[in-house]
Amino acid sequence: MSAEKIQIFDTTLRDGEQVPGCKLNKKQKLEIAAKLDDLGVDVIEAGFPISSPGDFDAVNAISKLVKNATVCGLTRANKKDIEAAARALEYAVKPRIHTGIGTSDSHIIHKFNSNKEAIIERAVEAVAYAKSFVDDVEFYAEDAGRTDNAYLAKVCEEVIKAGATVLNIPDTTGYCLPYEYGNKIKYLKDNVPGIENVIISCHNHNDLGLATANAVAGAINGARQIECTINGIGERAGNTALEEIVMVFKQHKELNLYTDIDTRMLTELSQFTSETMGMIVQPNKAIVGSNAFAHSSGIHQDGVIKNRETYEIIDPAEVGVNESSIILTARSGRSALAYRLKNIGFEVTKNELDVLYEQFLEVADAKKEVVKEDLERLMYQFNQTVETKFA
Ligand code: KIV
Ligand code: ZN
């Protein structure tokens, strides 16, 4: 069976940009959009046009700029929002309107003071209205993660009839467990008439640290679009991280799923986004954190030096990192010291290494990390001692 494609829907500029402190100006949004287009994402959610004139303007400018990806604008289920999105997207080669409404009891009762039938009516009206402007209409059932499956299936059936091309099933609060979210997607696949004609999309939040796992579960059960952000930024604990989900499919060929992302650009784009948004990437972040390919314990270092795959499942070059790094600390062993010395031009014998290692440990115990300059000093002092001995 040939592998099936997973569409990557990037929402860094919408769900990501909603984060306090991450606000971008128009120029910055355009720079990120251009890089996302080069990266190979299928859809760029460029913003929420009705939310401010600045966001409208940015979505409009991104629509003119982007040549490959579909450009999408978010709306609530009302005419004004949809009209604003349609105007903002007027220059897009491939425009998509993303409209929707909350479907969980909590949203229906507390947010809308409404009932299930009325919510379906609003959803259908919104999709039909969006469809009068563009062919490609994505519907989101906000808080689908906590929505009863039978009702969710009914909502999906009706919006498909109204013309939705993509069904977004957001776990808005990041509540679901992977098996639960996977079963929800399977339930919809098995119970919604017409679902075979649309794409099911996963939009997962990371409140329990499960956003990527839930998106994987969704894809295994038939979803073919995943909504994600660079570095996993997004509301509260964030969204599925683009770099993680893409590498999951690349590493696990048995899933028979692939994306069109040029993974060699991931590290550079992560750093660019982090700097532009002023949002640091935690060092232990999967794939793009500064420690993702760094080894510091003696046992691991020895293994990696003998064969990289002993402790690394990804070749760093695949995500645009030159090489794995061997960090010298008081937990490092002789092979790591010899390796780093060799890298800066010092080949030492076994006996020399024994002596140097004791001196190295003294420095390492006094410092967090032993760096190149420390090694050069160590070698200088070592050579001086040897010269004095034989003078
Ligand atoms: O988390 C969510 O439900 C959303 C929707 C607006 C798609 O971001
Ligand atoms: Zn979201």
# chains A, B, ... in the order shown; residues from 1 in each chain; ligands from 1
$ residues_around --residues "Val137 in chain A" --least-positions-apart "6" --cutoff "10 Å" --atoms "only C-alpha atoms" --output "ChimeraX atom specification"
/A:72,95-99,126-131,159-160,162-167
$ residues_near_ligand --ligand "ligand 1" --cutoff "6 Å" --atoms "only C-alpha atoms and all ligand atoms" --output "list in words"
Asp15, Tyr140, Glu142, Asp143, Pro170 and Thr172 of chain A
$ residues_near_ligand --ligand "ligand 2" --cutoff "10 Å" --atoms "only C-alpha atoms and all ligand atoms" --output "list in words"
Thr11, Arg14, Asp15, Gly16, Gln18, Tyr140, Glu142, Asp143, Pro170, Asp171, Thr172, Thr173, Gly174, His203, Asn204, His205, Asn206, Glu227, Cys228, Gly234, Glu235, Arg236, Gly238, Asn239 and Thr240 of chain A
$ select_by_dssp --residues "range 52-255 of chain A" --states "alpha helix (DSSP H)" --output "MDAnalysis selection string"
chainID A and resid 53:65 79:88 105:106 116:131 149:161 178:191 211:220 242:251
$ closest_residue --among "A:Leu375, A:Gly222, A:Val71, A:Leu152" --to "Asp37 in chain A" --atoms "only C-alpha atoms"
A:Val71
